[in-house]
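The file data_1.pdb contains PDB, C-alpha atoms and all ligand atoms:
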```pdb
ATOM      1  CA  MET A   6      -3.445 -40.762 -16.599
ATOM      2  CA  ARG A   7      -0.972 -40.821 -19.436
ATOM      3  CA  ARG A   8      -3.120 -38.474 -21.523
ATOM      4  CA  PHE A   9      -3.413 -36.187 -18.512
ATOM      5  CA  MET A  10       0.361 -36.158 -18.076
ATOM      6  CA  THR A  11       0.830 -35.360 -21.768
ATOM      7  CA  ALA A  12      -1.655 -32.496 -21.476
ATOM      8  CA  LEU A  13       0.087 -31.260 -18.358
ATOM      9  CA  LEU A  14       3.443 -31.403 -20.099
ATOM     10  CA  ALA A  15       2.023 -29.428 -23.029
ATOM     11  CA  VAL A  16       0.756 -26.754 -20.638
ATOM     12  CA  THR A  17       4.119 -26.592 -18.940
ATOM     13  CA  LEU A  18       6.018 -26.323 -22.208
ATOM     14  CA  LEU A  19       3.735 -23.769 -23.810
ATOM     15  CA  GLY A  20       3.407 -21.733 -20.666
ATOM     16  CA  PRO A  21       0.205 -20.116 -19.437
ATOM     17  CA  ALA A  22       0.419 -17.273 -21.960
ATOM     18  CA  ALA A  23      -0.298 -19.691 -24.793
ATOM     19  CA  LEU A  24      -3.576 -20.678 -23.141
ATOM     20  CA  ALA A  25      -4.821 -17.156 -22.425
ATOM     21  CA  PRO A  26      -7.971 -16.159 -24.281
ATOM     22  CA  ALA A  27      -7.502 -13.681 -27.088
ATOM     23  CA  ASP A  28      -7.650 -10.314 -25.343
ATOM     24  CA  SER A  29      -5.885  -7.315 -26.677
ATOM     25  CA  ARG A  30      -6.101  -5.321 -23.451
ATOM     26  CA  ILE A  31      -2.867  -4.405 -21.665
ATOM     27  CA  LYS A  32      -2.380  -6.737 -18.705
ATOM     28  CA  VAL A  33      -1.532  -4.746 -15.610
ATOM     29  CA  VAL A  34      -0.707  -6.466 -12.324
ATOM     30  CA  ALA A  35      -0.456  -4.302  -9.199
ATOM     31  CA  SER A  36       1.020  -5.404  -5.879
ATOM     32  CA  ILE A  37      -1.827  -3.758  -3.940
ATOM     33  CA  PRO A  38      -5.430  -2.739  -4.719
ATOM     34  CA  ASP A  39      -4.663   1.008  -4.282
ATOM     35  CA  LEU A  40      -2.387   0.951  -7.338
ATOM     36  CA  ALA A  41      -4.812  -1.327  -9.214
ATOM     37  CA  ASP A  42      -7.626   1.195  -8.693
ATOM     38  CA  MET A  43      -5.474   4.031 -10.019
ATOM     39  CA  ALA A  44      -4.396   1.940 -13.019
ATOM     40  CA  ARG A  45      -8.067   1.317 -13.880
ATOM     41  CA  HIS A  46      -8.721   5.064 -13.867
ATOM     42  CA  ILE A  47      -5.622   5.868 -15.930
ATOM     43  CA  GLY A  48      -5.798   2.927 -18.341
ATOM     44  CA  GLY A  49      -9.575   2.926 -18.833
ATOM     45  CA  ASP A  50     -10.759   0.420 -21.429
ATOM     46  CA  LEU A  51      -7.208  -0.219 -22.595
ATOM     47  CA  VAL A  52      -6.218  -2.191 -19.511
ATOM     48  CA  ASP A  53      -7.119  -5.383 -17.695
ATOM     49  CA  VAL A  54      -5.978  -4.904 -14.094
ATOM     50  CA  SER A  55      -5.485  -7.332 -11.231
ATOM     51  CA  SER A  56      -3.936  -7.044  -7.784
ATOM     52  CA  ILE A  57      -1.804  -9.543  -5.885
ATOM     53  CA  ALA A  58      -2.862  -8.403  -2.395
ATOM     54  CA  THR A  59      -6.592  -8.195  -1.648
ATOM     55  CA  GLY A  60      -6.068  -5.392   0.881
ATOM     56  CA  VAL A  61      -6.569  -7.245   4.159
ATOM     57  CA  GLU A  62      -2.929  -8.362   4.339
ATOM     58  CA  ASN A  63       0.127  -6.826   5.946
ATOM     59  CA  ILE A  64       2.096  -5.443   2.977
ATOM     60  CA  HIS A  65       5.290  -6.851   4.533
ATOM     61  CA  ALA A  66       3.834 -10.379   4.711
ATOM     62  CA  VAL A  67       1.450 -11.030   1.813
ATOM     63  CA  PRO A  68       1.073 -14.831   1.596
ATOM     64  CA  MET A  69       2.400 -16.220  -1.699
ATOM     65  CA  LYS A  70       0.219 -18.434  -3.879
ATOM     66  CA  PRO A  71       1.450 -20.314  -6.993
ATOM     67  CA  SER A  72      -1.396 -18.652  -8.954
ATOM     68  CA  PHE A  73       0.310 -15.256  -8.499
ATOM     69  CA  ALA A  74       3.282 -16.432 -10.580
ATOM     70  CA  THR A  75       0.876 -17.430 -13.375
ATOM     71  CA  VAL A  76      -0.822 -14.029 -13.267
ATOM     72  CA  LEU A  77       2.582 -12.312 -13.339
ATOM     73  CA  ASN A  78       3.729 -14.503 -16.227
ATOM     74  CA  ARG A  79       1.034 -12.900 -18.390
ATOM     75  CA  ALA A  80       1.604  -9.332 -17.187
ATOM     76  CA  ASP A  81       2.666  -6.595 -19.583
ATOM     77  CA  VAL A  82       3.475  -4.307 -16.667
ATOM     78  CA  LEU A  83       3.821  -4.624 -12.888
ATOM     79  CA  LEU A  84       2.986  -1.761 -10.497
ATOM     80  CA  LEU A  85       4.540  -1.714  -7.047
ATOM     81  CA  LEU A  86       4.856   0.654  -4.072
ATOM     82  CA  GLY A  87       8.611   0.110  -4.097
ATOM     83  CA  LEU A  88      11.052   1.045  -1.283
ATOM     84  CA  GLU A  89      11.174  -2.701  -0.499
ATOM     85  CA  ALA A  90       7.596  -2.648   0.849
ATOM     86  CA  GLU A  91       6.847  -5.828  -1.107
ATOM     87  CA  HIS A  92      10.170  -7.468  -0.222
ATOM     88  CA  ALA A  93       8.512 -10.479   1.472
ATOM     89  CA  PHE A  94       6.719 -11.707  -1.638
ATOM     90  CA  LEU A  95       7.345  -9.793  -4.858
ATOM     91  CA  PRO A  96      10.992 -10.603  -5.729
ATOM     92  CA  ALA A  97      10.312 -14.361  -5.396
ATOM     93  CA  LEU A  98       7.107 -14.103  -7.441
ATOM     94  CA  ILE A  99       8.838 -12.126 -10.189
ATOM     95  CA  GLU A 100      11.485 -14.817 -10.392
ATOM     96  CA  ALA A 101       8.851 -17.582 -10.478
ATOM     97  CA  SER A 102       6.888 -15.740 -13.176
ATOM     98  CA  LYS A 103       9.712 -16.143 -15.719
ATOM     99  CA  ASN A 104       8.472 -12.953 -17.405
ATOM    100  CA  PRO A 105      11.341 -10.775 -18.683
ATOM    101  CA  ARG A 106       8.951  -7.815 -19.220
ATOM    102  CA  ILE A 107       8.552  -7.201 -15.486
ATOM    103  CA  LEU A 108      12.047  -7.865 -14.164
ATOM    104  CA  ARG A 109      13.534  -5.058 -12.056
ATOM    105  CA  ASP A 110      15.045  -2.555 -14.546
ATOM    106  CA  ALA A 111      12.843  -3.861 -17.413
ATOM    107  CA  PRO A 112      10.398  -1.282 -18.868
ATOM    108  CA  GLY A 113       7.375  -3.142 -17.471
ATOM    109  CA  TYR A 114       8.595  -2.817 -13.858
ATOM    110  CA  ILE A 115       6.829   0.348 -12.683
ATOM    111  CA  ASP A 116       8.039   1.506  -9.280
ATOM    112  CA  CYS A 117       5.419   4.027  -8.139
ATOM    113  CA  SER A 118       7.675   5.563  -5.464
ATOM    114  CA  VAL A 119      10.021   7.286  -7.937
ATOM    115  CA  ALA A 120       8.439  10.752  -7.568
ATOM    116  CA  VAL A 121       7.278  10.429  -3.945
ATOM    117  CA  ASP A 122       8.880  12.558  -1.195
ATOM    118  CA  VAL A 123       9.979   9.630   0.955
ATOM    119  CA  LEU A 124       9.906  10.064   4.746
ATOM    120  CA  GLU A 125      12.278   8.437   7.273
ATOM    121  CA  VAL A 126      15.048   7.679   4.786
ATOM    122  CA  PRO A 127      17.732   5.962   6.900
ATOM    123  CA  THR A 128      21.303   7.182   6.927
ATOM    124  CA  ARG A 129      22.542   3.602   6.696
ATOM    125  CA  ILE A 130      21.007   0.329   5.581
ATOM    126  CA  ASP A 131      21.344  -2.552   7.979
ATOM    127  CA  ARG A 132      18.990  -5.472   7.577
ATOM    128  CA  ALA A 133      20.516  -7.118  10.615
ATOM    129  CA  LEU A 134      18.384  -4.742  12.669
ATOM    130  CA  GLY A 135      15.344  -6.492  11.236
ATOM    131  CA  ASP A 136      14.081  -3.249   9.750
ATOM    132  CA  GLN A 137      11.273  -3.642   7.215
ATOM    133  CA  HIS A 138      11.878  -0.098   5.896
ATOM    134  CA  PRO A 139      15.478  -0.177   4.605
ATOM    135  CA  MET A 140      14.883   2.519   1.947
ATOM    136  CA  GLY A 141      12.696   4.825   4.033
ATOM    137  CA  ASN A 142       9.045   4.566   4.996
ATOM    138  CA  PRO A 143       7.083   2.868   2.173
ATOM    139  CA  HIS A 144       3.537   3.460   3.492
ATOM    140  CA  TYR A 145       2.892   6.532   1.337
ATOM    141  CA  ASN A 146      -0.315   4.997   0.019
ATOM    142  CA  LEU A 147      -2.069   6.357   3.129
ATOM    143  CA  ASP A 148      -1.402   9.907   1.902
ATOM    144  CA  PRO A 149      -3.459  11.081  -1.093
ATOM    145  CA  VAL A 150      -0.922  13.767  -2.067
ATOM    146  CA  SER A 151       1.916  11.217  -2.284
ATOM    147  CA  MET A 152      -0.421   9.025  -4.297
ATOM    148  CA  LYS A 153      -0.830  11.793  -6.879
ATOM    149  CA  ALA A 154       2.887  11.226  -7.568
ATOM    150  CA  ALA A 155       2.234   7.483  -7.772
ATOM    151  CA  ALA A 156      -0.593   8.083 -10.279
ATOM    152  CA  GLY A 157       1.842  10.119 -12.379
ATOM    153  CA  ALA A 158       4.348   7.251 -12.263
ATOM    154  CA  ILE A 159       1.650   4.810 -13.420
ATOM    155  CA  ALA A 160       0.728   7.024 -16.387
ATOM    156  CA  ASP A 161       4.411   7.511 -17.290
ATOM    157  CA  GLY A 162       5.110   3.791 -16.975
ATOM    158  CA  LEU A 163       2.139   2.814 -19.144
ATOM    159  CA  ALA A 164       3.164   5.395 -21.768
ATOM    160  CA  ARG A 165       6.752   4.108 -21.720
ATOM    161  CA  ASN A 166       5.510   0.609 -22.581
ATOM    162  CA  PHE A 167       2.634   1.615 -24.885
ATOM    163  CA  PRO A 168       3.570   4.991 -26.413
ATOM    164  CA  GLU A 169       0.744   4.707 -28.955
ATOM    165  CA  HIS A 170      -1.743   5.327 -26.097
ATOM    166  CA  GLU A 171       0.171   8.105 -24.333
ATOM    167  CA  ALA A 172      -2.424  10.826 -25.047
ATOM    168  CA  GLU A 173      -5.242   8.724 -23.619
ATOM    169  CA  PHE A 174      -3.287   7.859 -20.448
ATOM    170  CA  LYS A 175      -2.509  11.556 -19.965
ATOM    171  CA  LYS A 176      -6.124  12.597 -20.455
ATOM    172  CA  ASN A 177      -7.359   9.956 -17.988
ATOM    173  CA  LEU A 178      -4.619  10.881 -15.484
ATOM    174  CA  ASP A 179      -5.611  14.551 -15.593
ATOM    175  CA  ALA A 180      -9.265  13.678 -15.006
ATOM    176  CA  TYR A 181      -8.369  11.412 -12.079
ATOM    177  CA  LEU A 182      -6.046  13.986 -10.508
ATOM    178  CA  ARG A 183      -8.848  16.588 -10.681
ATOM    179  CA  GLU A 184     -11.135  14.159  -8.846
ATOM    180  CA  LEU A 185      -8.435  13.465  -6.266
ATOM    181  CA  ASP A 186      -7.673  17.184  -5.815
ATOM    182  CA  THR A 187     -11.335  17.917  -5.067
ATOM    183  CA  ALA A 188     -11.332  15.159  -2.442
ATOM    184  CA  ILE A 189      -7.996  16.348  -0.949
ATOM    185  CA  ALA A 190      -9.319  19.916  -0.545
ATOM    186  CA  ARG A 191     -12.380  18.565   1.289
ATOM    187  CA  TRP A 192     -10.279  16.208   3.483
ATOM    188  CA  GLU A 193      -7.855  18.952   4.487
ATOM    189  CA  LYS A 194     -10.783  21.093   5.677
ATOM    190  CA  GLU A 195     -12.482  18.215   7.479
ATOM    191  CA  ALA A 196      -9.244  17.232   9.244
ATOM    192  CA  ALA A 197      -9.070  20.502  11.229
ATOM    193  CA  PRO A 198     -10.144  18.875  14.547
ATOM    194  CA  LEU A 199      -7.204  16.421  14.305
ATOM    195  CA  ARG A 200      -4.468  19.034  14.103
ATOM    196  CA  GLY A 201      -1.739  18.700  16.722
ATOM    197  CA  LYS A 202      -3.197  15.479  18.165
ATOM    198  CA  LYS A 203      -0.738  12.686  18.938
ATOM    199  CA  LEU A 204      -1.105   9.096  17.858
ATOM    200  CA  VAL A 205       0.654   5.816  18.528
ATOM    201  CA  SER A 206       0.282   3.054  15.931
ATOM    202  CA  TYR A 207       1.216  -0.616  16.005
ATOM    203  CA  HIS A 208       3.638  -0.328  13.056
ATOM    204  CA  PRO A 209       5.200   2.888  11.688
ATOM    205  CA  ASP A 210       2.735   3.068   8.803
ATOM    206  CA  LEU A 211       0.705   6.121   9.791
ATOM    207  CA  ILE A 212       3.349   8.800   9.350
ATOM    208  CA  TYR A 213       2.312   9.984   5.864
ATOM    209  CA  PHE A 214      -1.337  10.066   6.956
ATOM    210  CA  ALA A 215      -0.438  11.927  10.157
ATOM    211  CA  GLU A 216       1.731  14.431   8.349
ATOM    212  CA  ARG A 217      -0.938  15.131   5.711
ATOM    213  CA  PHE A 218      -3.659  15.797   8.253
ATOM    214  CA  GLY A 219      -1.591  17.651  10.860
ATOM    215  CA  MET A 220      -1.363  14.890  13.476
ATOM    216  CA  GLU A 221       1.796  13.949  15.399
ATOM    217  CA  PRO A 222       3.084  10.342  15.218
ATOM    218  CA  PHE A 223       4.301   9.745  18.768
ATOM    219  CA  GLY A 224       5.637   6.194  18.677
ATOM    220  CA  THR A 225       4.829   2.599  17.869
ATOM    221  CA  ILE A 226       3.936  -0.586  19.717
ATOM    222  CA  GLU A 227       6.587  -2.348  17.627
ATOM    223  CA  ILE A 228      10.090  -1.339  18.659
ATOM    224  CA  ARG A 229      10.917  -0.607  15.020
ATOM    225  CA  ALA A 230       9.327  -1.654  11.749
ATOM    226  CA  GLY A 231       9.053  -5.441  11.997
ATOM    227  CA  VAL A 232      10.668  -5.708  15.436
ATOM    228  CA  PRO A 233       8.075  -7.046  17.905
ATOM    229  CA  PRO A 234       7.465  -5.250  21.204
ATOM    230  CA  THR A 235       8.985  -6.278  24.537
ATOM    231  CA  PRO A 236       7.384  -5.690  27.963
ATOM    232  CA  GLY A 237      10.046  -3.040  28.704
ATOM    233  CA  HIS A 238       9.286  -1.143  25.512
ATOM    234  CA  ILE A 239       5.541  -1.199  26.225
ATOM    235  CA  ALA A 240       6.060   0.055  29.783
ATOM    236  CA  ASP A 241       8.209   2.964  28.533
ATOM    237  CA  LEU A 242       5.732   3.742  25.764
ATOM    238  CA  GLU A 243       2.774   3.792  28.155
ATOM    239  CA  GLU A 244       4.581   6.062  30.565
ATOM    240  CA  SER A 245       5.560   8.610  27.921
ATOM    241  CA  MET A 246       2.086   8.416  26.328
ATOM    242  CA  ARG A 247       0.505   9.399  29.649
ATOM    243  CA  LYS A 248       2.998  12.248  30.195
ATOM    244  CA  ASN A 249       2.472  13.586  26.677
ATOM    245  CA  LYS A 250      -1.291  13.105  26.559
ATOM    246  CA  VAL A 251      -1.370  10.870  23.505
ATOM    247  CA  GLU A 252      -5.024  10.651  22.470
ATOM    248  CA  PHE A 253      -5.076   7.823  19.941
ATOM    249  CA  VAL A 254      -3.787   4.289  19.560
ATOM    250  CA  VAL A 255      -4.198   3.122  15.973
ATOM    251  CA  ARG A 256      -4.419  -0.628  15.508
ATOM    252  CA  GLU A 257      -3.955  -1.437  11.857
ATOM    253  CA  THR A 258      -6.423  -4.193  10.956
ATOM    254  CA  TYR A 259      -3.570  -6.603  10.055
ATOM    255  CA  TYR A 260      -1.814  -6.405  13.452
ATOM    256  CA  PRO A 261      -3.009  -8.208  16.600
ATOM    257  CA  ALA A 262      -5.740  -6.494  18.609
ATOM    258  CA  GLY A 263      -4.942  -7.463  22.203
ATOM    259  CA  LEU A 264      -1.826  -5.420  22.916
ATOM    260  CA  ALA A 265      -3.117  -2.280  21.176
ATOM    261  CA  GLU A 266      -6.325  -2.543  23.238
ATOM    262  CA  THR A 267      -4.360  -2.869  26.456
ATOM    263  CA  VAL A 268      -2.079   0.096  25.650
ATOM    264  CA  ALA A 269      -5.119   2.254  24.845
ATOM    265  CA  GLN A 270      -6.920   1.159  27.998
ATOM    266  CA  VAL A 271      -3.968   1.643  30.324
ATOM    267  CA  THR A 272      -3.173   5.117  28.983
ATOM    268  CA  GLY A 273      -6.754   6.332  28.503
ATOM    269  CA  ALA A 274      -6.210   6.780  24.745
ATOM    270  CA  LYS A 275      -8.879   5.999  22.182
ATOM    271  CA  LEU A 276      -8.424   2.840  20.120
ATOM    272  CA  VAL A 277      -8.914   3.392  16.393
ATOM    273  CA  GLU A 278      -8.835   0.522  13.896
ATOM    274  CA  LEU A 279      -7.700   1.447  10.396
ATOM    275  CA  PRO A 280      -7.028  -0.532   7.215
ATOM    276  CA  GLY A 281      -3.650  -0.087   5.503
ATOM    277  CA  MET A 282      -4.847  -0.535   1.926
ATOM    278  CA  VAL A 283      -7.888  -0.385  -0.317
ATOM    279  CA  GLY A 284      -9.976  -3.495   0.449
ATOM    280  CA  GLY A 285      -8.794  -3.684   4.077
ATOM    281  CA  VAL A 286     -12.392  -3.016   5.182
ATOM    282  CA  PRO A 287     -15.508  -3.376   2.993
ATOM    283  CA  GLU A 288     -16.073   0.411   2.976
ATOM    284  CA  ALA A 289     -12.637   1.050   1.385
ATOM    285  CA  LYS A 290     -13.688  -0.146  -2.048
ATOM    286  CA  ASP A 291     -11.473   2.215  -4.044
ATOM    287  CA  TYR A 292      -8.671   4.669  -3.274
ATOM    288  CA  ILE A 293     -10.851   7.693  -2.542
ATOM    289  CA  SER A 294     -13.227   5.756  -0.277
ATOM    290  CA  PHE A 295     -10.177   4.253   1.502
ATOM    291  CA  VAL A 296      -8.721   7.660   2.452
ATOM    292  CA  ASP A 297     -12.219   8.831   3.298
ATOM    293  CA  TYR A 298     -12.772   5.843   5.607
ATOM    294  CA  ASN A 299      -9.491   6.417   7.466
ATOM    295  CA  LEU A 300     -10.111  10.129   7.948
ATOM    296  CA  GLN A 301     -13.774   9.793   8.959
ATOM    297  CA  THR A 302     -12.890   6.999  11.423
ATOM    298  CA  MET A 303     -10.219   9.219  13.068
ATOM    299  CA  LEU A 304     -12.663  12.144  13.156
ATOM    300  CA  LYS A 305     -15.357  10.009  14.789
ATOM    301  CA  ALA A 306     -12.880   8.931  17.468
ATOM    302  CA  ALA A 307     -11.774  12.543  18.020
ATOM    303  CA  LYS A 308     -15.373  13.672  18.380
ATOM    304  CA  GLY A 309     -15.947  11.080  21.060
ATOM    305  CA  SER A 310     -13.189  12.633  23.205
TER     306      SER A 310
HETATM  307 ZN    ZN B   1       6.058  -1.008   7.108
END
```

Could you take the file, read its structure, and then write that structure out as structure tokens?
Amino acid sequence: MRRFMTALLAVTLLGPAALAPADSRIKVVASIPDLADMARHIGGDLVDVSSIATGVENIHAVPMKPSFATVLNRADVLLLLGLEAEHAFLPALIEASKNPRILRDAPGYIDCSVAVDVLEVPTRIDRALGDQHPMGNPHYNLDPVSMKAAAGAIADGLARNFPEHEAEFKKNLDAYLRELDTAIARWEKEAAPLRGKKLVSYHPDLIYFAERFGMEPFGTIEIRAGVPPTPGHIADLEESMRKNKVEFVVRETYYPAGLAETVAQVTGAKLVELPGMVGGVPEAKDYISFVDYNLQTMLKAAKGS
């Protein structure tokens, strides 16, 4: 027992970094798998990438595990969506990580929202309202064009920290953006049947997706981001959905099914279940297959109408 305690003390004093195997690759930790996938494309063989969320979670409520602080302690850089999307878990984990490289305002803190055209920026910030989107809507990862800006921020951030590899990051970024552009051109063509169609979602996380593919976000089952529905709100929503012929209710896979099902049933709308991140369903194994899954699932539902 005593030997064990001594060993434990040594680990604590040295910190996890001292125990890490010799590996010269740049350690990248992303908050979500979407950013991790992009970092793998941009960093190539130079990076060792991990993600805190697996993709099935609600971004506003990713459960914290002590192991995340250990992973963050070793990180050279941290990638995040920003706009307070990760407010529920990331600030506390950064503090627990005791890693000065990834503190907010340190060079290793790479906020991928910096070049994104943010939607729904509020005119005032008031957390008392319980709003989970105090800096504007952070769910831009559902829009591949916004994520081109995020990919650029990842390449810039990596180059800022490791300028000796800047040319390689740039070359890999260009190749990835070409791949993404090809997919975006195909998606925009395929999305034609969705244009002008209205959707209600559980949480206001579909607006970038809707805007990209010509759909109209009509309202949410939540009263506002993070504010749970009341019977009065649902009754009003159902009435205006019927009047305005809303065709789709999107239930994000990390929100409860029952109420979304009822709202769809009562109003005659189609229920569509979509993941909010890469890894949210088995088919969404990387960023391109994630956007593809969401679009093809909407198209299938539209076809059935
Ligand atoms: Zn949200």

Please enumerate the residues selected by the PyMOL selection byres (((chain A and resi 45) around 12) and not hetatm) when evaluated against the supplied file, formatted as a PyMOL selection string. chain A and resi 30-35+38-44+46-56+84+156+159-160+163+174+177-178+181+291-292

Applied to this file, what does the PyMOL selection byres (((chain A and resi 115-125) around 9) and not hetatm) return in terms of residues, put as number ranges by chain? A: 40, 82-88, 107, 109-114, 126-127, 138, 140-143, 145, 151-159, 161-163, 212-213

Neighbours of ligand ZN 1 (chain B) at 9 Å or closer, counting only C-alpha atoms and all ligand atoms: which residues, as a list in words? Asn63, Ile64, His65, Ala90, Asp136, Gln137, His138, Asn142, Pro143, His144, His208, Pro209, Asp210, Ala230 and Gly231 of chain A

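The space separating atom CA of Pro280 of chain A from atom CA of Glu257 of chain A comes to 5.6 Å.
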
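Pairwise distance (atom CA of Asn166 of chain A, atom CA of Ser102 of chain A) equals 18.9 Å.
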
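From atom CA of Pro287 of chain A back to atom CA of Phe73 of chain A, the distance works out to 22.9 Å.
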
Using only C-alpha atoms, which protein or nucleic acid residues come within 12 Å of Glu216 of chain A? Drop anything in the same chain fewer than 3 positions from it, and give the result as a count of residues only. 24

Can you tell me which residues surround Thr272 of chain A at a distance of at most 9 Å, considering all atoms listed in the file, apart from same-chain residues fewer than 4 positions away, and format the answer as number ranges by chain? A: 243-244, 246-247, 250-252, 267-268

Give me a file of those residues, with C-alpha atoms, as a tab-separated table (two decimals), in the frame of the given file.
```tsv
chain	number	residue	atom	x	y	z
A	243	GLU	CA	2.77	3.79	28.16
A	244	GLU	CA	4.58	6.06	30.56
A	246	MET	CA	2.09	8.42	26.33
A	247	ARG	CA	0.50	9.40	29.65
A	250	LYS	CA	-1.29	13.10	26.56
A	251	VAL	CA	-1.37	10.87	23.50
A	252	GLU	CA	-5.02	10.65	22.47
A	267	THR	CA	-4.36	-2.87	26.46
A	268	VAL	CA	-2.08	0.10	25.65
```

Residues near Lys290 of chain A, anyone? I mean within 12 Å using only C-alpha atoms, not counting same-chain ones fewer than 4 positions away, as a CSV table (one decimal) with C-alpha atoms, in the frame of the given file.
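Final output, saved to out26.csv:
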```csv
chain,number,residue,atom,x,y,z
A,38,PRO,CA,-5.4,-2.7,-4.7
A,39,ASP,CA,-4.7,1.0,-4.3
A,41,ALA,CA,-4.8,-1.3,-9.2
A,42,ASP,CA,-7.6,1.2,-8.7
A,59,THR,CA,-6.6,-8.2,-1.6
A,60,GLY,CA,-6.1,-5.4,0.9
A,61,VAL,CA,-6.6,-7.2,4.2
A,280,PRO,CA,-7.0,-0.5,7.2
A,282,MET,CA,-4.8,-0.5,1.9
A,283,VAL,CA,-7.9,-0.4,-0.3
A,284,GLY,CA,-10.0,-3.5,0.4
A,285,GLY,CA,-8.8,-3.7,4.1
A,286,VAL,CA,-12.4,-3.0,5.2
A,294,SER,CA,-13.2,5.8,-0.3
A,295,PHE,CA,-10.2,4.3,1.5
A,296,VAL,CA,-8.7,7.7,2.5
A,297,ASP,CA,-12.2,8.8,3.3
A,298,TYR,CA,-12.8,5.8,5.6
```

Quick one: axis-aligned box around all listed atoms of segment 177-186 of chain A, 3 Å on every side, centre and edge lengths in Å to one decimal, written as JSON.
```
{"center_x": -7.9, "center_y": 13.6, "center_z": -11.9, "size_x": 12.5, "size_y": 13.2, "size_z": 18.2}
```

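For the file at hand, the PyMOL selection byres (((chain A and resi 67) around 10) and not hetatm) resolves to Ser36, Ile37, Ile57, Ala58, Thr59, Gly60, Val61, Glu62, Asn63, Ile64, His65, Ala66, Pro68, Met69, Lys70, Glu91, His92, Ala93, Phe94 and Leu95 of chain A.
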
Of A:Ser206, A:Asn299, A:Asn146, A:Thr225, the one sitting nearest Phe253 of chain A when using all atoms listed in the file is A:Ser206

Would you mind listing what lies within 12 Å of Arg191 of chain A as number ranges by chain, with only C-alpha atoms counted and same-chain residues fewer than 2 positions away left out? A: 149, 184-189, 193-197, 218, 293, 296-297, 300-301

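Candidate residues A:Lys248, A:Lys103, A:Arg129, A:Arg256 were compared for distance to Glu227 of chain A, and the nearest is A:Arg256, using all atoms listed in the file.
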
Some atoms are missing, so please complete segment 287-291 of chain A with all heavy atoms and return it as a compact mmCIF listing (two decimals), in the frame of the given file.
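Wrote result.txt, looks like this:
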```txt
# COMPACT_ATOMS: atom_id res chain seq x y z
N PRO A 287 -14.58 -3.42 4.14
CA PRO A 287 -15.51 -3.38 2.99
C PRO A 287 -15.79 -1.95 2.48
O PRO A 287 -15.99 -1.75 1.29
CB PRO A 287 -16.79 -4.02 3.54
CG PRO A 287 -16.35 -4.81 4.72
CD PRO A 287 -15.15 -4.14 5.29
N GLU A 288 -15.77 -0.97 3.39
CA GLU A 288 -16.07 0.41 2.98
C GLU A 288 -14.99 0.99 2.05
O GLU A 288 -15.27 1.90 1.27
CB GLU A 288 -16.19 1.33 4.20
CG GLU A 288 -17.38 1.06 5.10
CD GLU A 288 -17.06 0.01 6.18
OE1 GLU A 288 -16.10 -0.79 6.01
OE2 GLU A 288 -17.79 -0.01 7.19
N ALA A 289 -13.75 0.51 2.18
CA ALA A 289 -12.64 1.05 1.38
C ALA A 289 -12.59 0.33 0.04
O ALA A 289 -11.69 -0.46 -0.23
CB ALA A 289 -11.32 0.88 2.15
N LYS A 290 -13.58 0.63 -0.80
CA LYS A 290 -13.69 -0.15 -2.05
C LYS A 290 -12.82 0.40 -3.17
O LYS A 290 -12.52 -0.30 -4.13
CB LYS A 290 -15.15 -0.27 -2.47
CG LYS A 290 -15.84 1.06 -2.69
CD LYS A 290 -17.34 0.83 -2.91
CE LYS A 290 -18.06 2.11 -3.32
NZ LYS A 290 -17.67 3.35 -2.58
N ASP A 291 -12.42 1.66 -3.08
CA ASP A 291 -11.47 2.22 -4.04
C ASP A 291 -10.59 3.21 -3.30
O ASP A 291 -10.77 3.40 -2.09
CB ASP A 291 -12.18 2.85 -5.25
CG ASP A 291 -13.15 3.94 -4.83
OD1 ASP A 291 -12.99 4.52 -3.73
OD2 ASP A 291 -14.08 4.23 -5.61
```
